[in-house]
file my_file_37.cif (mmCIF, C-alpha atoms)
data_entry
#
loop_
_atom_site.label_atom_id
_atom_site.label_comp_id
_atom_site.auth_asym_id
_atom_site.auth_seq_id
_atom_site.Cartn_x
_atom_site.Cartn_y
_atom_site.Cartn_z
CA MET O 63 -3.32 21.77 -24.61
CA ALA O 64 -1.98 23.37 -21.43
CA THR O 65 -5.43 24.64 -20.55
CA GLU O 66 -5.06 26.87 -17.52
CA GLN O 67 -6.67 25.63 -14.33
CA ARG O 68 -7.20 28.63 -12.12
CA THR O 69 -9.23 26.78 -9.51
CA PRO O 70 -8.54 23.42 -7.91
CA PRO O 71 -10.12 20.65 -10.01
CA SER O 72 -11.20 18.54 -7.01
CA ALA O 73 -11.39 18.64 -3.23
CA ARG O 74 -8.38 16.39 -2.69
CA THR O 75 -6.38 18.45 -5.17
CA THR O 76 -6.84 21.62 -3.12
CA VAL O 77 -3.67 22.59 -1.26
CA LYS O 78 -4.60 22.38 2.43
CA ARG O 79 -1.69 23.72 4.47
CA ARG O 80 -0.50 27.23 3.53
CA ALA O 81 -3.16 27.45 0.84
CA GLN O 82 -1.63 30.68 -0.49
CA ARG O 83 1.17 28.53 -1.92
CA GLY O 84 -1.27 26.52 -4.04
CA VAL O 85 -1.03 26.97 -7.81
CA TYR O 86 -3.40 25.32 -10.26
CA ASP O 87 -2.16 26.69 -13.58
CA ALA O 88 -1.31 23.91 -16.00
CA SER O 89 1.80 25.77 -17.18
CA VAL O 90 3.23 25.80 -13.65
CA VAL O 91 2.38 22.12 -13.10
CA HIS O 92 4.00 21.21 -16.43
CA ALA O 93 7.18 23.18 -15.77
CA ILE O 94 7.74 21.52 -12.39
CA LEU O 95 7.09 18.02 -13.75
CA ASP O 96 9.47 18.71 -16.63
CA GLU O 97 12.26 19.93 -14.35
CA ALA O 98 12.11 17.40 -11.48
CA LEU O 99 14.60 14.60 -12.10
CA ILE O 100 12.26 11.98 -10.67
CA CYS O 101 8.91 11.68 -8.97
CA HIS O 102 7.79 9.63 -5.98
CA VAL O 103 4.81 7.38 -6.67
CA ALA O 104 2.57 6.04 -3.90
CA HIS O 105 0.14 3.18 -4.01
CA VAL O 106 -1.59 1.10 -1.33
CA VAL O 107 -0.61 -2.50 -0.56
CA ASP O 108 -2.56 -4.39 2.12
CA ASP O 109 -4.00 -1.10 3.42
CA SER O 110 -0.50 0.38 3.85
CA PRO O 111 1.10 3.08 1.71
CA VAL O 112 4.20 2.34 -0.37
CA VAL O 113 6.11 5.18 -2.02
CA LEU O 114 8.90 4.55 -4.53
CA PRO O 115 11.10 6.84 -6.63
CA THR O 116 10.79 6.60 -10.39
CA ILE O 117 11.58 8.44 -13.61
CA HIS O 118 8.63 10.09 -15.31
CA GLY O 119 7.80 11.77 -18.58
CA ARG O 120 5.10 14.16 -19.70
CA ILE O 121 3.30 14.72 -22.98
CA ASP O 122 0.66 17.45 -22.88
CA GLU O 123 -1.78 16.57 -20.08
CA SER O 124 -0.44 13.03 -19.52
CA LEU O 125 2.15 11.90 -16.98
CA TYR O 126 3.93 8.70 -18.02
CA LEU O 127 5.54 6.15 -15.70
CA HIS O 128 7.40 3.06 -16.82
CA GLY O 129 9.25 0.06 -15.58
CA SER O 130 9.67 -3.66 -15.86
CA ALA O 131 6.59 -5.66 -16.75
CA ALA O 132 7.38 -7.61 -13.54
CA SER O 133 7.14 -4.56 -11.25
CA ARG O 134 4.58 -5.08 -8.50
CA MET O 135 3.79 -1.37 -8.33
CA LEU O 136 3.14 -1.08 -12.05
CA ARG O 137 1.00 -4.23 -12.02
CA THR O 138 -1.06 -2.86 -9.14
CA LEU O 139 -1.49 0.54 -10.77
CA ALA O 140 -2.35 -0.99 -14.14
CA GLY O 141 -5.13 -2.84 -12.32
CA GLY O 142 -6.80 0.49 -11.57
CA ALA O 143 -5.48 1.14 -8.05
CA GLU O 144 -5.53 4.73 -6.78
CA CYS O 145 -2.19 6.43 -7.28
CA CYS O 146 -0.46 9.59 -6.12
CA ALA O 147 2.64 10.90 -7.92
CA THR O 148 4.61 13.78 -6.41
CA ALA O 149 7.54 15.64 -7.97
CA THR O 150 9.56 18.16 -5.99
CA VAL O 151 12.25 20.64 -7.00
CA ILE O 152 14.27 22.19 -4.16
CA ASP O 153 15.34 25.77 -4.93
CA GLY O 154 16.98 26.80 -1.68
CA LEU O 155 17.27 26.75 2.08
CA VAL O 156 15.45 29.62 3.79
CA LEU O 157 17.52 30.75 6.77
CA ALA O 158 15.56 32.79 9.28
CA ARG O 159 16.65 34.62 12.41
CA SER O 160 14.54 32.22 14.47
CA ALA O 161 14.75 28.42 14.32
CA PHE O 162 10.97 28.27 13.96
CA HIS O 163 10.77 30.22 10.69
CA HIS O 164 13.38 28.25 8.80
CA SER O 165 11.97 26.80 5.60
CA MET O 166 12.79 25.68 2.08
CA ASN O 167 12.06 27.28 -1.24
CA TYR O 168 10.59 24.55 -3.37
CA ARG O 169 8.17 23.76 -6.17
CA SER O 170 6.16 20.57 -5.94
CA VAL O 171 3.38 18.91 -7.91
CA VAL O 172 0.97 16.33 -6.55
CA VAL O 173 -1.05 14.27 -9.03
CA PHE O 174 -3.96 12.11 -7.89
CA GLY O 175 -5.83 9.57 -9.95
CA THR O 176 -5.51 6.19 -11.59
CA ALA O 177 -3.13 5.10 -14.29
CA ALA O 178 -3.97 3.28 -17.50
CA LEU O 179 -1.73 0.72 -19.17
CA VAL O 180 -0.49 1.93 -22.54
CA ASP O 181 -1.01 -0.87 -25.07
CA ASP O 182 -0.15 0.97 -28.24
CA ASP O 183 3.55 0.56 -29.13
CA GLU O 184 3.68 3.96 -30.80
CA GLU O 185 2.47 5.71 -27.65
CA LYS O 186 4.82 3.57 -25.53
CA VAL O 187 7.83 4.66 -27.57
CA ALA O 188 6.65 8.29 -27.53
CA ALA O 189 6.40 8.14 -23.73
CA MET O 190 9.87 6.60 -23.37
CA ARG O 191 11.27 9.18 -25.74
CA ALA O 192 9.64 11.95 -23.67
CA MET O 193 11.26 10.61 -20.47
CA SER O 194 14.65 10.46 -22.16
CA GLU O 195 14.49 13.81 -23.92
CA ARG O 196 13.27 15.55 -20.77
CA LEU O 197 16.45 14.52 -18.94
CA VAL O 198 18.97 14.51 -21.80
CA PRO O 199 17.69 16.35 -24.87
CA GLY O 200 19.34 14.94 -27.97
CA ARG O 201 20.14 11.52 -26.52
CA TRP O 202 17.26 9.55 -28.00
CA ASP O 203 18.34 9.92 -31.64
CA ASP O 204 21.90 8.91 -30.71
CA VAL O 205 21.06 5.47 -29.30
CA ARG O 206 19.60 2.18 -30.47
CA PRO O 207 15.79 2.42 -30.21
CA PRO O 208 13.83 -0.18 -28.22
CA ALA O 209 13.52 -3.57 -29.91
CA PRO O 210 10.13 -5.33 -29.96
CA ALA O 211 11.25 -7.72 -27.18
CA GLU O 212 12.38 -4.77 -25.04
CA LEU O 213 9.07 -3.00 -25.58
CA ALA O 214 7.27 -6.18 -24.48
CA GLN O 215 9.34 -6.24 -21.28
CA THR O 216 8.44 -2.63 -20.49
CA LYS O 217 5.20 -1.50 -18.94
CA VAL O 218 4.19 2.11 -19.61
CA LEU O 219 1.38 3.76 -17.65
CA ARG O 220 -0.46 6.97 -18.45
CA MET O 221 -1.89 9.16 -15.70
CA PRO O 222 -4.03 12.16 -16.62
CA LEU O 223 -3.00 15.48 -15.09
CA HIS O 224 -6.61 16.42 -14.45
CA GLU O 225 -6.18 16.19 -10.67
CA ALA O 226 -2.84 17.92 -10.34
CA SER O 227 -1.84 20.85 -8.17
CA ALA O 228 1.39 22.68 -7.50
CA LYS O 229 2.73 24.23 -4.33
CA VAL O 230 5.44 26.87 -4.52
CA ARG O 231 7.46 28.78 -1.94
CA THR O 232 9.80 31.56 -2.99
CA GLY O 233 11.58 34.49 -1.38
CA PRO O 234 13.25 35.38 1.89
CA PRO O 235 12.23 34.21 5.38
CA ILE O 236 9.03 35.56 6.87
CA GLU O 237 9.50 36.28 10.55
CA ASP O 238 8.03 37.82 13.64
CA ASP O 239 8.55 41.58 14.01
CA GLU O 240 10.44 41.13 17.27
CA ASP O 241 13.12 39.05 15.54
CA MET O 242 13.85 41.57 12.79
CA ALA O 243 16.41 43.42 14.90
CA SER O 244 18.47 40.25 15.36
CA PRO O 245 22.10 40.55 14.21
CA THR O 246 21.94 37.02 12.75
CA TRP O 247 22.48 36.77 8.99
CA ALA O 248 19.23 35.82 7.28
CA GLY O 249 18.38 35.00 3.70
CA VAL O 250 18.33 32.17 1.20
CA LEU O 251 21.00 29.66 0.25
CA PRO O 252 20.06 28.78 -3.36
CA LEU O 253 20.53 25.13 -4.32
CA HIS O 254 20.92 23.74 -7.84
CA VAL O 255 21.44 20.39 -9.50
CA VAL O 256 24.51 20.54 -11.71
CA ALA O 257 26.25 18.00 -13.89
CA ALA O 258 29.93 17.20 -13.42
CA GLU O 259 32.21 16.02 -16.23
CA PRO O 260 30.74 13.00 -18.01
CA VAL O 261 32.48 9.72 -17.05
CA ALA O 262 32.97 7.44 -20.04
CA ASP O 263 32.18 3.75 -19.71
CA PRO O 264 35.56 1.96 -19.33
CA ALA O 265 34.15 -0.65 -21.73
CA GLY O 266 34.30 1.90 -24.55
CA PRO O 267 33.89 2.90 -27.25
CA ALA O 268 37.52 4.00 -26.91
CA GLY O 269 38.19 7.59 -27.92
CA ALA O 270 34.51 8.44 -28.47
CA ARG O 271 33.81 12.14 -28.14
CA VAL O 272 31.45 13.34 -25.41
CA PRO O 273 28.35 14.42 -27.36
CA ALA O 274 27.62 18.14 -27.55
CA TYR O 275 24.26 17.59 -25.84
CA LEU O 276 26.10 16.61 -22.64
CA THR O 277 27.95 19.89 -22.26
CA PRO O 278 26.94 22.08 -19.31
CA ARG O 279 25.25 24.52 -21.68
CA SER O 280 22.72 21.99 -22.88
CA ALA O 281 19.08 22.32 -21.97
CA GLY O 282 18.67 19.31 -19.65
CA ALA O 283 16.72 19.64 -16.43
CA TRP O 284 19.97 19.43 -14.46
CA ALA O 285 21.38 22.46 -16.24
CA ALA O 286 18.29 24.55 -16.77
CA ARG O 287 18.09 25.81 -13.19
CA MET F 274 22.40 2.58 17.62
CA ALA F 275 23.55 1.71 14.10
CA THR F 276 23.22 -2.02 14.56
CA GLU F 277 23.99 -3.56 11.21
CA GLN F 278 21.05 -5.23 9.52
CA ARG F 279 22.46 -7.68 7.04
CA THR F 280 19.13 -9.31 6.21
CA PRO F 281 15.81 -7.60 5.48
CA PRO F 282 13.90 -7.06 8.76
CA SER F 283 10.47 -7.85 7.28
CA ALA F 284 8.84 -9.10 4.11
CA ARG F 285 7.65 -5.68 2.98
CA THR F 286 11.09 -4.25 3.62
CA THR F 287 12.71 -6.69 1.19
CA VAL F 288 13.69 -5.01 -2.08
CA LYS F 289 11.58 -6.72 -4.74
CA ARG F 290 12.70 -5.47 -8.15
CA ARG F 291 16.44 -5.83 -8.85
CA ALA F 292 16.99 -7.42 -5.47
CA GLN F 293 20.77 -7.26 -5.93
CA ARG F 294 20.48 -3.50 -5.35
CA GLY F 295 18.99 -4.00 -1.88
CA VAL F 296 21.11 -2.95 1.09
CA TYR F 297 20.06 -3.49 4.69
CA ASP F 298 23.08 -2.16 6.59
CA ALA F 299 22.06 0.54 9.05
CA SER F 300 25.12 2.62 8.17
CA VAL F 301 24.04 2.80 4.52
CA VAL F 302 20.44 3.64 5.46
CA HIS F 303 21.65 6.37 7.82
CA ALA F 304 24.02 7.94 5.31
CA ILE F 305 21.30 8.21 2.65
CA LEU F 306 18.76 9.68 5.07
CA ASP F 307 21.36 12.17 6.28
CA GLU F 308 22.25 13.32 2.77
CA ALA F 309 18.82 13.53 1.12
CA LEU F 310 17.51 17.10 1.34
CA ILE F 311 13.94 15.94 1.88
CA CYS F 312 11.89 12.79 2.01
CA HIS F 313 8.49 11.96 0.53
CA VAL F 314 5.97 10.69 3.07
CA ALA F 315 2.93 8.65 2.07
CA HIS F 316 -0.20 7.95 4.05
CA VAL F 317 -3.67 6.71 3.13
CA VAL F 318 -6.73 8.99 3.07
CA ASP F 319 -10.11 7.46 2.18
CA ASP F 320 -8.38 4.36 0.77
CA SER F 321 -6.23 6.49 -1.55
CA PRO F 322 -2.50 7.19 -1.21
CA VAL F 323 -1.24 10.72 -0.60
CA VAL F 324 2.48 11.49 -0.84
CA LEU F 325 3.93 14.83 0.23
CA PRO F 326 7.48 16.21 0.41
CA THR F 327 8.84 17.13 3.82
CA ILE F 328 12.06 17.84 5.68
CA HIS F 329 13.28 15.07 7.98
CA GLY F 330 15.87 14.54 10.67
CA ARG F 331 17.54 11.47 12.11
CA ILE F 332 18.89 10.62 15.54
CA ASP F 333 20.30 7.11 15.87
CA GLU F 334 17.56 4.68 14.82
CA SER F 335 14.76 7.29 14.74
CA LEU F 336 13.49 9.26 11.76
CA TYR F 337 11.82 12.53 12.74
CA LEU F 338 9.17 14.42 10.78
CA HIS F 339 7.65 17.72 11.79
CA GLY F 340 5.16 20.33 10.76
CA SER F 341 2.30 22.48 11.86
CA ALA F 342 0.04 21.07 14.55
CA ALA F 343 -2.77 21.72 12.02
CA SER F 344 -1.29 19.47 9.32
CA ARG F 345 -3.75 16.79 8.26
CA MET F 346 -0.97 14.36 7.40
CA LEU F 347 0.73 14.71 10.78
CA ARG F 348 -2.62 14.37 12.58
CA THR F 349 -3.38 11.20 10.65
CA LEU F 350 0.07 9.71 11.27
CA ALA F 351 0.00 10.63 14.95
CA GLY F 352 -3.24 8.65 15.15
CA GLY F 353 -1.29 5.49 14.31
CA ALA F 354 -1.89 5.31 10.55
CA GLU F 355 0.54 3.27 8.49
CA CYS F 356 3.25 5.41 6.95
CA CYS F 357 5.93 5.08 4.31
CA ALA F 358 8.80 7.58 4.09
CA THR F 359 11.17 7.48 1.12
CA ALA F 360 14.34 9.52 0.64
CA THR F 361 16.23 9.50 -2.66
CA VAL F 362 19.60 10.90 -3.68
CA ILE F 363 20.28 11.06 -7.44
CA ASP F 364 23.96 10.53 -8.26
CA GLY F 365 23.91 10.51 -12.03
CA LEU F 366 22.29 9.70 -15.34
CA VAL F 367 23.38 6.37 -16.80
CA LEU F 368 23.66 6.73 -20.57
CA ALA F 369 23.65 3.44 -22.42
CA ARG F 370 24.15 2.62 -26.08
CA SER F 371 20.57 1.38 -26.23
CA ALA F 372 17.51 3.35 -25.11
CA PHE F 373 16.35 0.33 -23.11
CA HIS F 374 19.37 0.19 -20.79
CA HIS F 375 19.37 3.84 -19.76
CA SER F 376 19.11 4.23 -16.00
CA MET F 377 19.98 6.44 -13.06
CA ASN F 378 22.58 6.03 -10.38
CA TYR F 379 20.76 6.66 -7.12
CA ARG F 380 20.58 5.79 -3.47
CA SER F 381 17.15 5.51 -1.87
CA VAL F 382 15.77 4.50 1.50
CA VAL F 383 12.23 3.28 2.14
CA VAL F 384 10.96 3.25 5.73
CA PHE F 385 7.73 1.47 6.66
CA GLY F 386 5.93 1.65 9.96
CA THR F 387 3.91 3.95 12.14
CA ALA F 388 4.94 7.22 13.71
CA ALA F 389 4.56 8.26 17.33
CA LEU F 390 3.84 11.80 18.49
CA VAL F 391 6.74 13.23 20.47
CA ASP F 392 5.35 14.81 23.63
CA ASP F 393 8.57 15.58 25.43
CA ASP F 394 9.78 19.12 24.68
CA GLU F 395 13.42 18.13 25.09
CA GLU F 396 13.11 15.41 22.44
CA LYS F 397 11.11 17.79 20.21
CA VAL F 398 13.88 20.37 20.31
CA ALA F 399 16.54 17.69 19.77
CA ALA F 400 14.65 16.49 16.69
CA MET F 401 14.30 20.01 15.30
CA ARG F 402 17.96 20.65 15.95
CA ALA F 403 18.85 17.41 14.13
CA MET F 404 16.82 18.50 11.08
CA SER F 405 18.50 21.90 11.06
CA GLU F 406 22.06 20.70 11.67
CA ARG F 407 21.73 17.98 9.03
CA LEU F 408 21.07 20.61 6.37
CA VAL F 409 23.13 23.54 7.70
CA PRO F 410 25.62 22.48 10.35
CA GLY F 411 26.31 25.40 12.66
CA ARG F 412 23.07 27.25 12.04
CA TRP F 413 21.17 26.15 15.13
CA ASP F 414 23.41 27.90 17.65
CA ASP F 415 23.27 31.10 15.58
CA VAL F 416 19.49 31.60 15.71
CA ARG F 417 16.79 32.23 18.29
CA PRO F 418 15.68 28.84 19.68
CA PRO F 419 12.00 27.85 19.59
CA ALA F 420 9.79 29.64 22.12
CA PRO F 421 7.26 27.61 24.14
CA ALA F 422 4.38 28.86 21.95
CA GLU F 423 6.27 27.87 18.81
CA LEU F 424 6.95 24.41 20.22
CA ALA F 425 3.25 24.06 20.98
CA GLN F 426 2.42 24.91 17.34
CA THR F 427 4.83 22.28 16.06
CA LYS F 428 4.07 18.59 15.84
CA VAL F 429 7.08 16.26 15.86
CA LEU F 430 6.71 12.58 14.95
CA ARG F 431 9.18 9.77 15.55
CA MET F 432 9.36 6.78 13.21
CA PRO F 433 11.61 3.85 14.11
CA LEU F 434 14.05 2.75 11.41
CA HIS F 435 13.42 -0.89 12.19
CA GLU F 436 11.69 -1.49 8.85
CA ALA F 437 14.05 0.42 6.61
CA SER F 438 15.86 -0.71 3.50
CA ALA F 439 18.13 0.96 0.98
CA LYS F 440 18.45 0.47 -2.76
CA VAL F 441 21.60 1.58 -4.53
CA ARG F 442 22.69 1.66 -8.17
CA THR F 443 26.23 2.65 -9.09
CA GLY F 444 28.53 2.35 -12.06
CA PRO F 445 28.37 2.39 -15.84
CA PRO F 446 25.52 1.08 -18.02
CA ILE F 447 25.00 -2.66 -18.27
CA GLU F 448 24.13 -3.64 -21.80
CA ASP F 449 23.59 -6.46 -24.22
CA ASP F 450 26.75 -7.85 -25.82
CA GLU F 451 25.54 -7.00 -29.30
CA ASP F 452 25.39 -3.30 -28.45
CA MET F 453 28.94 -3.07 -27.12
CA ALA F 454 30.37 -2.39 -30.58
CA SER F 455 28.14 0.68 -30.98
CA PRO F 456 30.08 3.91 -31.70
CA THR F 457 27.69 5.85 -29.38
CA TRP F 458 29.32 7.49 -26.35
CA ALA F 459 28.23 5.68 -23.18
CA GLY F 460 28.87 6.36 -19.53
CA VAL F 461 27.57 8.33 -16.59
CA LEU F 462 26.71 12.01 -16.25
CA PRO F 463 27.29 12.66 -12.51
CA LEU F 464 24.79 15.02 -10.86
CA HIS F 465 25.30 16.97 -7.66
CA VAL F 466 23.37 19.43 -5.55
CA VAL F 467 25.45 22.57 -5.05
CA ALA F 468 24.83 25.82 -3.25
CA ALA F 469 25.11 29.14 -5.06
CA GLU F 470 26.09 32.40 -3.33
CA PRO F 471 23.86 33.08 -0.30
CA VAL F 472 21.23 35.78 -0.97
CA ALA F 473 20.81 38.11 2.01
CA ASP F 474 17.31 39.02 3.12
CA PRO F 475 16.71 42.59 1.81
CA ALA F 476 15.14 43.30 5.22
CA GLY F 477 18.57 43.02 6.82
CA PRO F 478 20.47 42.99 9.04
CA ALA F 479 22.40 45.43 6.82
CA GLY F 480 26.07 44.60 6.40
CA ALA F 481 25.85 41.28 8.23
CA ARG F 482 28.60 38.89 7.21
CA VAL F 483 27.67 35.59 5.60
CA PRO F 484 28.44 33.02 8.30
CA ALA F 485 31.42 30.73 7.72
CA TYR F 486 29.16 27.69 7.92
CA LEU F 487 27.48 28.79 4.66
CA THR F 488 30.66 28.72 2.60
CA PRO F 489 30.85 26.04 -0.10
CA ARG F 490 33.42 24.13 1.94
CA SER F 491 31.05 23.51 4.81
CA ALA F 492 29.78 20.03 5.57
CA GLY F 493 26.11 20.44 4.63
CA ALA F 494 24.32 17.75 2.66
CA TRP F 495 24.31 20.03 -0.40
CA ALA F 496 28.09 20.29 -0.33
CA ALA F 497 29.09 16.85 0.88
CA ARG F 498 28.55 15.09 -2.42
#

call {"tool": "encode", "arguments": {"input": "my_file_37.cif", "output": "structure tokens"}}
result
Amino acid sequence: MATEQRTPPSARTTVKRRAQRGVYDASVVHAILDEALICHVAHVVDDSPVVLPTIHGRIDESLYLHGSAASRMLRTLAGGAECCATATVIDGLVLARSAFHHSMNYRSVVVFGTAALVDDDEEKVAAMRAMSERLVPGRWDDVRPPAPAELAQTKVLRMPLHEASAKVRTGPPIEDDEDMASPTWAGVLPLHVVAAEPVADPAGPAGARVPAYLTPRSAGAWAAR
Amino acid sequence: MATEQRTPPSARTTVKRRAQRGVYDASVVHAILDEALICHVAHVVDDSPVVLPTIHGRIDESLYLHGSAASRMLRTLAGGAECCATATVIDGLVLARSAFHHSMNYRSVVVFGTAALVDDDEEKVAAMRAMSERLVPGRWDDVRPPAPAELAQTKVLRMPLHEASAKVRTGPPIEDDEDMASPTWAGVLPLHVVAAEPVADPAGPAGARVPAYLTPRSAGAWAAR
């Protein structure tokens, strides 16, 4: 898999503003989707856009979304409605000498298309496992797997990554020549998501050890940056 | 001016799924918008949703967006198109004894409505200052303010917060009784955005001191959590 896409796959997938930041390599798209804690999914209701945050997972060239079988958004998307899913990782604040050239370093992915309902229980469980393992590697095998009734209550949707593009900004501020003599400090304030000490459920189990996969050195998205 | 909204202001603003997580108090909506680094803004293009990440600012009951005058999204929104802006803060991963009851602790705000183009330069600058000061308090007065030509290149949009709602999840996992005897560690892994050491622009100014407002103890969104 991970076929490299060196050109935009469709007109709407082409990065419009600051086109030099557009990246169409599958490996870049995958890495951003795998690192972003959540994505924001938009659909259209009564001609108006609605965008909601949700957890996602990825297997090869498929983006998976899930939620309650009663979710209006998932019902609408499963009916074939056009969808846009965007995941963004913020890497830092770009502090320029001029207000105008302030920016952010970020990596974002925008996926266009339609989503298909996953009927097959094996694929459903694989998608849920991918969501879980992406955020907390090692957790899935430590917990009770989904029961048939829980699977029935869960809707899983699959969106192909065919129409996906990434946009990436890195590096220091870019400014006008006449501002470069300014005495103002300029540069980047790097930002990271980090995990604090795990907080045990007061309901127990009493005295249970924090699993090794929750230590700061684990490979979760929140620690990999 | 921070009038408390104790009931949803419109049907589409009412939190549908897990309605008990819905919050309509203006103070809660404001706090989430002020803390989220960015928001995701959706609009409709050729009947399809498009959602893009962007920096935002807030003054009282107005949400401000900005960007290049050439931005297609800002042009479309300034033309009166329906808009949805969603800001999400992730507070932690909720680790349950069962795969099914895993969740996230989060605070999100969804704003529906239309955006108006801000023509007045004074309001434009106030909005840009609000965006800057929200992320890096103290920065604005340290940098060169926008020149008239830069203001002309920048489009600022104002969206009222009339149709805004928040959704909040806090606390430990909520599980089925029969799983409570599981020996699996359960609880919350808190997540925070933190700033690393500022990285000076290699282009200078040489020897400039990192401003006090960039120290980890400052009151920026990335340090306030």

call {"tool": "resolve_selection", "arguments": {"input": "my_file_37.cif", "expression": "the PyMOL selection byres ((chain F) within 6 of (chain O))", "output": "PyMOL selection string"}}
result
chain F and resi 315-316+321-323+355+357+370-373+416-419+445+456+458-469+471-474+478+481

call {"tool": "closest_residue", "arguments": {"input": "my_file_37.cif", "among": "O:Glu195, O:Asp96, O:Glu123, O:Asp108", "to": "Leu223 of chain O", "atoms": "all atoms listed in the file"}}
result
O:Glu123

call {"tool": "atom_distance", "arguments": {"input": "my_file_37.cif", "atom1": "atom CA of Ala400 of chain F", "atom2": "atom CA of Leu347 of chain F"}}
result
15.2 Å

call {"tool": "atom_distance", "arguments": {"input": "my_file_37.cif", "atom1": "atom CA of Gly200 of chain O", "atom2": "atom CA of Ala93 of chain O"}}
result
19.1 Å

call {"tool": "closest_residue", "arguments": {"input": "my_file_37.cif", "among": "O:Arg196, O:Val85, O:Asp182, O:Pro210", "to": "Gly119 of chain O", "atoms": "only C-alpha atoms"}}
result
O:Arg196

call {"tool": "closest_residue", "arguments": {"input": "my_file_37.cif", "among": "F:Arg294, F:Thr349, F:Glu451, F:Thr287", "to": "Asn378 of chain F", "atoms": "only C-alpha atoms"}}
result
F:Arg294

call {"tool": "atom_distance", "arguments": {"input": "my_file_37.cif", "atom1": "atom CA of Ala88 of chain O", "atom2": "atom CA of His224 of chain O"}}
result
9.3 Å

call {"tool": "axis_aligned_box", "arguments": {"input": "my_file_37.cif", "around": "segment 220-233 of chain O", "padding_each_side": "4 Å", "output": "lines of an AutoDock Vina configuration file"}}
result
center_x = 2.5
center_y = 20.7
center_z = -9.9
size_x = 26.2
size_y = 35.5
size_z = 25.1

call {"tool": "residues_around", "arguments": {"input": "my_file_37.cif", "residues": "Asp392 of chain F", "least_positions_apart": "4", "cutoff": "9 Å", "atoms": "all atoms listed in the file", "output": "list in words"}}
result
Glu396, Lys397, Lys428 and Val429 of chain F

call {"tool": "decode", "arguments": {"input": "my_file_37.cif", "residues": "segment 336-347 of chain F", "atoms": "N, CA, C and O atoms", "output": "PDB file, in the first residue's frame"}}
result
ATOM      1  N   LEU F 336     -16.911  35.873  17.303  1.00  0.00           N
ATOM      2  CA  LEU F 336     -15.785  35.028  16.909  1.00  0.00           C
ATOM      3  C   LEU F 336     -15.203  35.640  15.638  1.00  0.00           C
ATOM      4  O   LEU F 336     -15.936  35.951  14.699  1.00  0.00           O
ATOM      5  N   TYR F 337     -13.884  35.825  15.618  1.00  0.00           N
ATOM      6  CA  TYR F 337     -13.235  36.414  14.448  1.00  0.00           C
ATOM      7  C   TYR F 337     -12.366  35.383  13.736  1.00  0.00           C
ATOM      8  O   TYR F 337     -11.636  34.618  14.371  1.00  0.00           O
ATOM      9  N   LEU F 338     -12.462  35.380  12.414  1.00  0.00           N
ATOM     10  CA  LEU F 338     -11.604  34.562  11.561  1.00  0.00           C
ATOM     11  C   LEU F 338     -10.852  35.520  10.649  1.00  0.00           C
ATOM     12  O   LEU F 338     -11.328  36.617  10.375  1.00  0.00           O
ATOM     13  N   HIS F 339      -9.698  35.101  10.160  1.00  0.00           N
ATOM     14  CA  HIS F 339      -8.999  35.994   9.240  1.00  0.00           C
ATOM     15  C   HIS F 339      -8.152  35.192   8.266  1.00  0.00           C
ATOM     16  O   HIS F 339      -7.938  33.985   8.443  1.00  0.00           O
ATOM     17  N   GLY F 340      -7.696  35.857   7.252  1.00  0.00           N
ATOM     18  CA  GLY F 340      -6.841  35.198   6.274  1.00  0.00           C
ATOM     19  C   GLY F 340      -6.584  36.130   5.112  1.00  0.00           C
ATOM     20  O   GLY F 340      -6.953  37.308   5.151  1.00  0.00           O
ATOM     21  N   SER F 341      -5.955  35.565   4.094  1.00  0.00           N
ATOM     22  CA  SER F 341      -5.652  36.363   2.919  1.00  0.00           C
ATOM     23  C   SER F 341      -6.941  36.792   2.213  1.00  0.00           C
ATOM     24  O   SER F 341      -7.919  36.047   2.175  1.00  0.00           O
ATOM     25  N   ALA F 342      -6.905  37.985   1.660  1.00  0.00           N
ATOM     26  CA  ALA F 342      -8.050  38.470   0.884  1.00  0.00           C
ATOM     27  C   ALA F 342      -8.340  37.538  -0.292  1.00  0.00           C
ATOM     28  O   ALA F 342      -9.444  37.527  -0.827  1.00  0.00           O
ATOM     29  N   ALA F 343      -7.342  36.715  -0.688  1.00  0.00           N
ATOM     30  CA  ALA F 343      -7.520  35.815  -1.829  1.00  0.00           C
ATOM     31  C   ALA F 343      -8.102  34.460  -1.427  1.00  0.00           C
ATOM     32  O   ALA F 343      -8.399  33.634  -2.285  1.00  0.00           O
ATOM     33  N   SER F 344      -8.278  34.228  -0.142  1.00  0.00           N
ATOM     34  CA  SER F 344      -8.780  32.922   0.310  1.00  0.00           C
ATOM     35  C   SER F 344     -10.177  32.647  -0.214  1.00  0.00           C
ATOM     36  O   SER F 344     -11.095  33.451  -0.049  1.00  0.00           O
ATOM     37  N   ARG F 345     -10.345  31.474  -0.832  1.00  0.00           N
ATOM     38  CA  ARG F 345     -11.657  31.112  -1.364  1.00  0.00           C
ATOM     39  C   ARG F 345     -12.677  30.951  -0.247  1.00  0.00           C
ATOM     40  O   ARG F 345     -13.818  31.398  -0.347  1.00  0.00           O
ATOM     41  N   MET F 346     -12.241  30.334   0.857  1.00  0.00           N
ATOM     42  CA  MET F 346     -13.181  30.122   1.955  1.00  0.00           C
ATOM     43  C   MET F 346     -13.670  31.460   2.506  1.00  0.00           C
ATOM     44  O   MET F 346     -14.870  31.648   2.725  1.00  0.00           O
ATOM     45  N   LEU F 347     -12.761  32.392   2.737  1.00  0.00           N
ATOM     46  CA  LEU F 347     -13.177  33.681   3.302  1.00  0.00           C
ATOM     47  C   LEU F 347     -14.068  34.446   2.329  1.00  0.00           C
ATOM     48  O   LEU F 347     -15.023  35.105   2.737  1.00  0.00           O
TER      49      LEU F 347
END
